[in-house]
>>> print(open('my_file.pdb').read())   # PDB, C-alpha atoms
ATOM      1  CA  SER A1461      16.735   4.553   9.535
ATOM      2  CA  GLN A1462      15.193   2.022   7.211
ATOM      3  CA  THR A1463      15.281   2.433   3.432
ATOM      4  CA  ILE A1464      13.705   0.319   0.725
ATOM      5  CA  HIS A1465      15.030   0.256  -2.823
ATOM      6  CA  GLN A1466      13.478  -1.035  -6.010
ATOM      7  CA  TRP A1467      14.875  -1.297  -9.491
ATOM      8  CA  PRO A1468      14.435  -0.661 -12.225
ATOM      9  CA  ALA A1469      12.153   2.362 -11.854
ATOM     10  CA  THR A1470      10.537   1.833 -15.242
ATOM     11  CA  LEU A1471      10.545  -1.067 -17.647
ATOM     12  CA  VAL A1472       9.042  -1.712 -21.078
ATOM     13  CA  GLN A1473       9.003  -5.353 -22.107
ATOM     14  CA  PRO A1474       7.481  -7.317 -25.010
ATOM     15  CA  VAL A1475       4.882 -10.004 -24.400
ATOM     16  CA  GLY A1476       6.516 -13.349 -23.731
ATOM     17  CA  SER A1477       9.764 -11.925 -22.399
ATOM     18  CA  PRO A1478      11.128 -12.719 -18.917
ATOM     19  CA  LEU A1479      10.995 -10.376 -15.934
ATOM     20  CA  SER A1480      13.112  -9.784 -12.864
ATOM     21  CA  LEU A1481      12.362  -7.007 -10.385
ATOM     22  CA  GLU A1482      14.500  -6.533  -7.327
ATOM     23  CA  CYS A1483      13.776  -5.071  -3.916
ATOM     24  CA  THR A1484      16.235  -4.544  -1.073
ATOM     25  CA  VAL A1485      15.731  -3.165   2.412
ATOM     26  CA  GLU A1486      18.377  -1.426   4.499
ATOM     27  CA  GLY A1487      18.468  -0.713   8.193
ATOM     28  CA  THR A1488      16.460  -3.649   9.494
ATOM     29  CA  SER A1489      16.837  -7.378   9.828
ATOM     30  CA  ASN A1490      14.391 -10.209   9.162
ATOM     31  CA  PRO A1491      11.642  -7.956   7.816
ATOM     32  CA  ASN A1492       8.359  -9.245   6.433
ATOM     33  CA  LEU A1493       8.472  -8.390   2.730
ATOM     34  CA  TYR A1494       5.631  -7.995   0.244
ATOM     35  CA  TRP A1495       5.066  -7.592  -3.497
ATOM     36  CA  TYR A1496       1.969  -5.734  -4.661
ATOM     37  CA  ARG A1497       0.713  -4.822  -8.106
ATOM     38  CA  GLN A1498      -1.414  -1.794  -8.834
ATOM     39  CA  ALA A1499      -3.064  -1.727 -12.251
ATOM     40  CA  ALA A1500      -3.946   1.664 -13.717
ATOM     41  CA  GLY A1501      -6.714   3.265 -11.652
ATOM     42  CA  ARG A1502      -7.050   0.213  -9.433
ATOM     43  CA  GLY A1503      -6.282  -0.803  -5.877
ATOM     44  CA  LEU A1504      -3.320  -2.712  -4.479
ATOM     45  CA  GLN A1505      -3.250  -6.427  -5.239
ATOM     46  CA  LEU A1506      -1.059  -8.492  -2.921
ATOM     47  CA  LEU A1507       1.005 -10.911  -4.991
ATOM     48  CA  PHE A1508       3.490 -12.486  -2.555
ATOM     49  CA  TYR A1509       4.725 -12.081   0.961
ATOM     50  CA  SER A1510       7.692 -13.518   2.810
ATOM     51  CA  VAL A1511       8.425 -13.854   6.516
ATOM     52  CA  GLY A1512      11.987 -15.120   6.023
ATOM     53  CA  ILE A1513      14.651 -16.435   3.642
ATOM     54  CA  GLY A1514      13.178 -18.999   1.282
ATOM     55  CA  GLN A1515       9.667 -18.583   2.741
ATOM     56  CA  ILE A1516       7.210 -17.327   0.131
ATOM     57  CA  SER A1517       3.433 -17.204   0.281
ATOM     58  CA  SER A1518       1.538 -16.684  -2.952
ATOM     59  CA  GLU A1519      -1.759 -14.868  -2.854
ATOM     60  CA  VAL A1520      -2.735 -14.971  -6.501
ATOM     61  CA  PRO A1521      -1.954 -17.916  -8.843
ATOM     62  CA  GLN A1522      -0.487 -16.508 -12.041
ATOM     63  CA  ASN A1523       2.625 -16.502 -14.173
ATOM     64  CA  LEU A1524       4.667 -14.633 -11.567
ATOM     65  CA  SER A1525       6.969 -16.052  -8.920
ATOM     66  CA  ALA A1526       8.963 -14.613  -6.043
ATOM     67  CA  SER A1527      12.148 -15.536  -4.259
ATOM     68  CA  ARG A1528      13.961 -14.341  -1.175
ATOM     69  CA  PRO A1529      17.592 -15.406  -1.513
ATOM     70  CA  GLN A1530      18.827 -13.120   1.289
ATOM     71  CA  ASP A1531      17.280 -11.650   4.418
ATOM     72  CA  ARG A1532      16.757  -8.198   2.930
ATOM     73  CA  GLN A1533      16.325  -9.068  -0.751
ATOM     74  CA  PHE A1534      13.068  -9.926  -2.461
ATOM     75  CA  ILE A1535      12.821 -10.718  -6.176
ATOM     76  CA  LEU A1536       9.773 -10.899  -8.430
ATOM     77  CA  SER A1537      10.120 -12.911 -11.623
ATOM     78  CA  SER A1538       8.275 -14.181 -14.632
ATOM     79  CA  LYS A1539       9.331 -16.532 -17.401
ATOM     80  CA  LYS A1540       6.851 -15.121 -19.919
ATOM     81  CA  LEU A1541       5.102 -11.791 -19.496
ATOM     82  CA  LEU A1542       1.459 -11.236 -20.438
ATOM     83  CA  LEU A1543      -0.180  -7.978 -21.449
ATOM     84  CA  SER A1544      -2.156  -8.142 -18.205
ATOM     85  CA  ASP A1545       1.093  -7.996 -16.206
ATOM     86  CA  SER A1546       1.401  -4.279 -16.932
ATOM     87  CA  GLY A1547       1.149  -2.165 -13.814
ATOM     88  CA  PHE A1548       2.930  -0.502 -10.947
ATOM     89  CA  TYR A1549       4.844  -3.028  -8.839
ATOM     90  CA  LEU A1550       5.444  -2.107  -5.246
ATOM     91  CA  CYS A1551       7.671  -3.780  -2.713
ATOM     92  CA  ALA A1552       6.891  -3.189   0.941
ATOM     93  CA  TRP A1553       8.205  -4.150   4.337
ATOM     94  CA  THR A1554       6.524  -4.223   7.709
ATOM     95  CA  GLY A1555       8.038  -2.814  10.877
ATOM     96  CA  LEU A1556       6.275  -2.220  14.208
ATOM     97  CA  ASP A1557       2.991  -3.254  12.544
ATOM     98  CA  THR A1558       3.309  -0.519   9.938
ATOM     99  CA  GLN A1559       3.871  -1.099   6.268
ATOM    100  CA  TYR A1560       6.301   0.998   4.240
ATOM    101  CA  PHE A1561       6.548   1.031   0.471
ATOM    102  CA  GLY A1562       9.423   1.300  -1.942
ATOM    103  CA  PRO A1563       9.369   3.749  -4.843
ATOM    104  CA  GLY A1564       7.887   1.170  -7.228
ATOM    105  CA  THR A1565       8.591  -0.150 -10.712
ATOM    106  CA  ARG A1566       6.302   0.824 -13.548
ATOM    107  CA  LEU A1567       6.082  -2.074 -15.980
ATOM    108  CA  THR A1568       4.567  -1.769 -19.442
ATOM    109  CA  VAL A1569       4.123  -4.954 -21.445
ATOM    110  CA  LEU A1570       3.637  -4.356 -25.174
TER     111      LEU A1570
ATOM    112  CA  GLN B 819     -11.305 -12.357   3.629
ATOM    113  CA  LYS B 820     -10.997  -8.954   5.226
ATOM    114  CA  GLU B 821     -12.788  -6.352   3.087
ATOM    115  CA  VAL B 822     -12.013  -2.666   3.190
ATOM    116  CA  GLU B 823     -14.457  -0.378   1.389
ATOM    117  CA  GLN B 824     -13.911   3.205   0.316
ATOM    118  CA  ASN B 825     -15.881   5.561  -1.874
ATOM    119  CA  SER B 826     -13.686   6.018  -4.949
ATOM    120  CA  GLY B 827     -14.763   9.636  -5.370
ATOM    121  CA  PRO B 828     -13.604  11.892  -6.793
ATOM    122  CA  LEU B 829     -14.062  14.159  -3.810
ATOM    123  CA  SER B 830     -13.552  17.852  -4.470
ATOM    124  CA  VAL B 831     -13.213  20.490  -1.762
ATOM    125  CA  PRO B 832     -12.200  24.149  -1.921
ATOM    126  CA  GLU B 833      -8.886  25.236  -0.478
ATOM    127  CA  GLY B 834      -9.152  25.837   3.266
ATOM    128  CA  ALA B 835     -12.136  23.503   3.745
ATOM    129  CA  ILE B 836     -12.298  20.264   5.689
ATOM    130  CA  ALA B 837     -12.010  17.096   3.614
ATOM    131  CA  SER B 838     -13.665  14.013   5.074
ATOM    132  CA  LEU B 839     -12.668  10.567   3.851
ATOM    133  CA  ASN B 840     -14.460   7.449   5.014
ATOM    134  CA  CYS B 841     -13.720   3.748   5.132
ATOM    135  CA  THR B 842     -15.638   0.696   6.366
ATOM    136  CA  TYR B 843     -14.302  -2.763   7.054
ATOM    137  CA  SER B 844     -15.783  -6.225   7.346
ATOM    138  CA  ASP B 845     -13.742  -7.983  10.053
ATOM    139  CA  ARG B 846     -15.027  -6.990  13.469
ATOM    140  CA  GLY B 847     -11.844  -8.329  15.076
ATOM    141  CA  SER B 848      -9.542  -5.917  13.247
ATOM    142  CA  GLN B 849      -7.370  -3.864  15.578
ATOM    143  CA  SER B 850      -4.926  -1.767  13.511
ATOM    144  CA  PHE B 851      -5.907   0.826  10.939
ATOM    145  CA  PHE B 852      -3.877   3.034   8.640
ATOM    146  CA  TRP B 853      -4.270   5.900   6.202
ATOM    147  CA  TYR B 854      -1.890   6.268   3.268
ATOM    148  CA  ARG B 855      -1.600   9.065   0.722
ATOM    149  CA  GLN B 856      -0.633   8.268  -2.850
ATOM    150  CA  TYR B 857       0.250  10.968  -5.325
ATOM    151  CA  SER B 858      -0.218  10.139  -8.989
ATOM    152  CA  GLY B 859       2.612   7.939 -10.214
ATOM    153  CA  LYS B 860       4.146   7.567  -6.765
ATOM    154  CA  SER B 861       4.080   4.908  -4.078
ATOM    155  CA  PRO B 862       1.802   5.151  -1.023
ATOM    156  CA  GLU B 863       3.163   6.970   2.010
ATOM    157  CA  LEU B 864       1.900   6.519   5.549
ATOM    158  CA  ILE B 865      -0.055   9.438   7.015
ATOM    159  CA  MET B 866      -1.403   8.000  10.250
ATOM    160  CA  PHE B 867      -2.265   4.857  12.123
ATOM    161  CA  ILE B 868      -4.932   4.378  14.775
ATOM    162  CA  TYR B 869      -5.569   1.468  17.112
ATOM    163  CA  SER B 870      -8.040   2.793  19.672
ATOM    164  CA  ASN B 871     -11.619   4.020  19.414
ATOM    165  CA  GLY B 872     -11.911   7.768  19.184
ATOM    166  CA  ASP B 873      -9.878  10.482  17.539
ATOM    167  CA  LYS B 874      -6.161  10.798  16.891
ATOM    168  CA  GLU B 875      -4.781  14.104  15.698
ATOM    169  CA  ASP B 876      -1.532  14.837  13.873
ATOM    170  CA  GLY B 877      -1.216  18.374  12.575
ATOM    171  CA  ARG B 878      -3.986  19.023  10.066
ATOM    172  CA  PHE B 879      -4.965  15.348  10.004
ATOM    173  CA  THR B 880      -7.403  13.605  12.354
ATOM    174  CA  ALA B 881      -8.138   9.900  12.181
ATOM    175  CA  GLN B 882     -11.348   8.641  13.741
ATOM    176  CA  LEU B 883     -12.073   5.017  14.621
ATOM    177  CA  ASN B 884     -15.403   3.504  15.596
ATOM    178  CA  LYS B 885     -15.010  -0.235  16.074
ATOM    179  CA  ALA B 886     -18.661  -0.785  16.977
ATOM    180  CA  SER B 887     -19.749   0.631  13.626
ATOM    181  CA  GLN B 888     -16.667  -0.699  11.824
ATOM    182  CA  TYR B 889     -15.591   2.522  10.195
ATOM    183  CA  VAL B 890     -12.500   4.652  10.044
ATOM    184  CA  SER B 891     -12.347   8.185   8.775
ATOM    185  CA  LEU B 892      -9.716  10.773   7.990
ATOM    186  CA  LEU B 893     -10.340  14.491   8.318
ATOM    187  CA  ILE B 894      -8.025  16.976   6.667
ATOM    188  CA  ARG B 895      -8.404  20.489   8.020
ATOM    189  CA  ASP B 896      -7.431  23.608   6.076
ATOM    190  CA  SER B 897      -7.104  21.550   2.899
ATOM    191  CA  GLN B 898      -4.340  22.617   0.535
ATOM    192  CA  PRO B 899      -3.885  21.929  -3.191
ATOM    193  CA  SER B 900      -0.878  19.788  -2.202
ATOM    194  CA  ASP B 901      -3.328  17.446  -0.430
ATOM    195  CA  SER B 902      -4.746  16.443  -3.820
ATOM    196  CA  ALA B 903      -4.019  12.724  -4.019
ATOM    197  CA  THR B 904      -5.609   9.314  -3.578
ATOM    198  CA  TYR B 905      -6.074   8.261   0.032
ATOM    199  CA  LEU B 906      -5.899   4.571   0.895
ATOM    200  CA  CYS B 907      -7.427   3.063   3.993
ATOM    201  CA  ALA B 908      -5.846  -0.143   5.293
ATOM    202  CA  LEU B 909      -6.052  -2.580   8.172
ATOM    203  CA  SER B 910      -3.590  -5.111   9.466
ATOM    204  CA  ASP B 911      -4.131  -8.518  11.031
ATOM    205  CA  GLY B 912      -0.524  -8.577  12.235
ATOM    206  CA  ASN B 913       0.743 -10.421   9.178
ATOM    207  CA  GLN B 914      -0.956  -9.013   6.116
ATOM    208  CA  PHE B 915      -2.307  -5.604   5.217
ATOM    209  CA  TYR B 916      -5.645  -5.174   3.491
ATOM    210  CA  PHE B 917      -6.188  -2.042   1.427
ATOM    211  CA  GLY B 918      -9.222  -0.248   0.115
ATOM    212  CA  THR B 919      -9.214   0.923  -3.479
ATOM    213  CA  GLY B 920      -8.715   4.530  -2.420
ATOM    214  CA  THR B 921     -10.582   7.825  -2.552
ATOM    215  CA  SER B 922      -9.378  10.477  -4.973
ATOM    216  CA  LEU B 923      -9.293  13.954  -3.414
ATOM    217  CA  THR B 924      -8.945  17.191  -5.341
ATOM    218  CA  VAL B 925      -8.462  20.467  -3.478
ATOM    219  CA  ILE B 926      -9.518  23.372  -5.644
ATOM    220  CA  PRO B 927      -7.510  26.620  -5.210
TER     221      PRO B 927
END
>>> encode(input="my_file.pdb", output="structure tokens")
Amino acid sequence: SQTIHQWPATLVQPVGSPLSLECTVEGTSNPNLYWYRQAAGRGLQLLFYSVGIGQISSEVPQNLSASRPQDRQFILSSKKLLLSDSGFYLCAWTGLDTQYFGPGTRLTVL
Amino acid sequence: QKEVEQNSGPLSVPEGAIASLNCTYSDRGSQSFFWYRQYSGKSPELIMFIYSNGDKEDGRFTAQLNKASQYVSLLIRDSQPSDSATYLCALSDGNQFYFGTGTSLTVIP
């Protein structure tokens, strides 16, 4: 069966610091991968999606970037965090036209 | 842009009642629809998907799709306190998923 992992689970970072969140998927090959952000009390905002290694589509221009160095690995990064980057970051993959989410990373920027 | 609209609630129902959650969408060509449940502080989990007009039942959950009127609904029968969560409606265009902002449901014991 397929499993999706995210780490870290929680993170507290100062404004202006860098960020790296990692997502890995097990049990499937060449999945479509997605990064979402959910601000407190808000809906899901699609940040990036990837249909293959090195292929990244950005939905929202901002200080975040994404990379897919391996088939089942998806990384979200920032060089300098803003207060507005706080939120719940979710990685997801799509199989058989259904989307499945990882456990998420809760990021607080102070 | 494919819009998905949900009433944010909160919706409160007594234990044992039927909870009815509704969702409308803007793209008439949409074919695949999903309901997710999200407990506070957790990630969304898939409850059901529906592709065809009509009803689809899975245990206490029934999804209803009306493509002509562009709405999807989720009925939860015999609601339990453990059903208290935010319910997200979503559609897929085969590449991306589009989510509503969710309806908060509280089941009162």
>>> interface_residues(input="my_file.pdb", of="chain A", to="chain B", cutoff="8 Å", atoms="all atoms listed in the file", output="PyMOL selection string")
chain A and resi 1502-1504+1550+1557+1559-1564
>>> write_last_selection(input="my_file.pdb", atoms="C-alpha atoms", output="mmCIF file, in the coordinates of the input")
data_model
loop_
_atom_site.group_PDB
_atom_site.id
_atom_site.type_symbol
_atom_site.label_atom_id
_atom_site.label_comp_id
_atom_site.auth_asym_id
_atom_site.auth_seq_id
_atom_site.Cartn_x
_atom_site.Cartn_y
_atom_site.Cartn_z
ATOM 1 C CA ARG A 1502 -7.050 0.213 -9.433
ATOM 2 C CA GLY A 1503 -6.282 -0.803 -5.877
ATOM 3 C CA LEU A 1504 -3.320 -2.712 -4.479
ATOM 4 C CA LEU A 1550 5.444 -2.107 -5.246
ATOM 5 C CA ASP A 1557 2.991 -3.254 12.544
ATOM 6 C CA GLN A 1559 3.871 -1.099 6.268
ATOM 7 C CA TYR A 1560 6.301 0.998 4.240
ATOM 8 C CA PHE A 1561 6.548 1.031 0.471
ATOM 9 C CA GLY A 1562 9.423 1.300 -1.942
ATOM 10 C CA PRO A 1563 9.369 3.749 -4.843
ATOM 11 C CA GLY A 1564 7.887 1.170 -7.228
#
>>> residues_around(input="my_file.pdb", residues="segment 833-835 of chain B", least_positions_apart="3", cutoff="7 Å", atoms="only C-alpha atoms", output="MDAnalysis selection string")
chainID B and resid 895:899 925:927
>>> write_last_selection(input="my_file.pdb", atoms="C-alpha atoms", output="PDB file, keeping the file's coordinate frame")
ATOM      1  CA  ARG B 895      -8.404  20.489   8.020  1.00  0.00           C
ATOM      2  CA  ASP B 896      -7.431  23.608   6.076  1.00  0.00           C
ATOM      3  CA  SER B 897      -7.104  21.550   2.899  1.00  0.00           C
ATOM      4  CA  GLN B 898      -4.340  22.617   0.535  1.00  0.00           C
ATOM      5  CA  PRO B 899      -3.885  21.929  -3.191  1.00  0.00           C
ATOM      6  CA  VAL B 925      -8.462  20.467  -3.478  1.00  0.00           C
ATOM      7  CA  ILE B 926      -9.518  23.372  -5.644  1.00  0.00           C
ATOM      8  CA  PRO B 927      -7.510  26.620  -5.210  1.00  0.00           C
TER       9      PRO B 927
END
>>> resolve_selection(input="my_file.pdb", expression="the PyMOL selection byres ((chain A and resi 1491-1497) around 8)", output="NGL selection string")
:A and (1488-1490 or 1498-1499 or 1504-1512 or 1531-1532 or 1534 or 1536 or 1547-1555)
>>> axis_aligned_box(input="my_file.pdb", around="segment 856-862 of chain B", padding_each_side="5 Å", output="JSON")
{"center_x": 1.8, "center_y": 7.9, "center_z": -5.6, "size_x": 14.8, "size_y": 16.1, "size_z": 19.2}
>>> resolve_selection(input="my_file.pdb", expression="the PyMOL selection byres ((chain B and resi 823) around 7)", output="list in words")
Glu821, Val822, Gln824, Asn825, Cys841, Thr842, Tyr843 and Gly918 of chain B
>>> write_last_selection(input="my_file.pdb", atoms="C-alpha atoms", output="PDB file, in the coordinates of the input")
ATOM      1  CA  GLU B 821     -12.788  -6.352   3.087  1.00  0.00           C
ATOM      2  CA  VAL B 822     -12.013  -2.666   3.190  1.00  0.00           C
ATOM      3  CA  GLN B 824     -13.911   3.205   0.316  1.00  0.00           C
ATOM      4  CA  ASN B 825     -15.881   5.561  -1.874  1.00  0.00           C
ATOM      5  CA  CYS B 841     -13.720   3.748   5.132  1.00  0.00           C
ATOM      6  CA  THR B 842     -15.638   0.696   6.366  1.00  0.00           C
ATOM      7  CA  TYR B 843     -14.302  -2.763   7.054  1.00  0.00           C
ATOM      8  CA  GLY B 918      -9.222  -0.248   0.115  1.00  0.00           C
TER       9      GLY B 918
END
>>> residues_around(input="my_file.pdb", residues="Thr924 of chain B", least_positions_apart="5", cutoff="9 Å", atoms="only C-alpha atoms", output="list in words")
Pro828, Leu829, Ser830, Val831, Pro832, Pro899, Asp901, Ser902, Ala903 and Thr904 of chain B
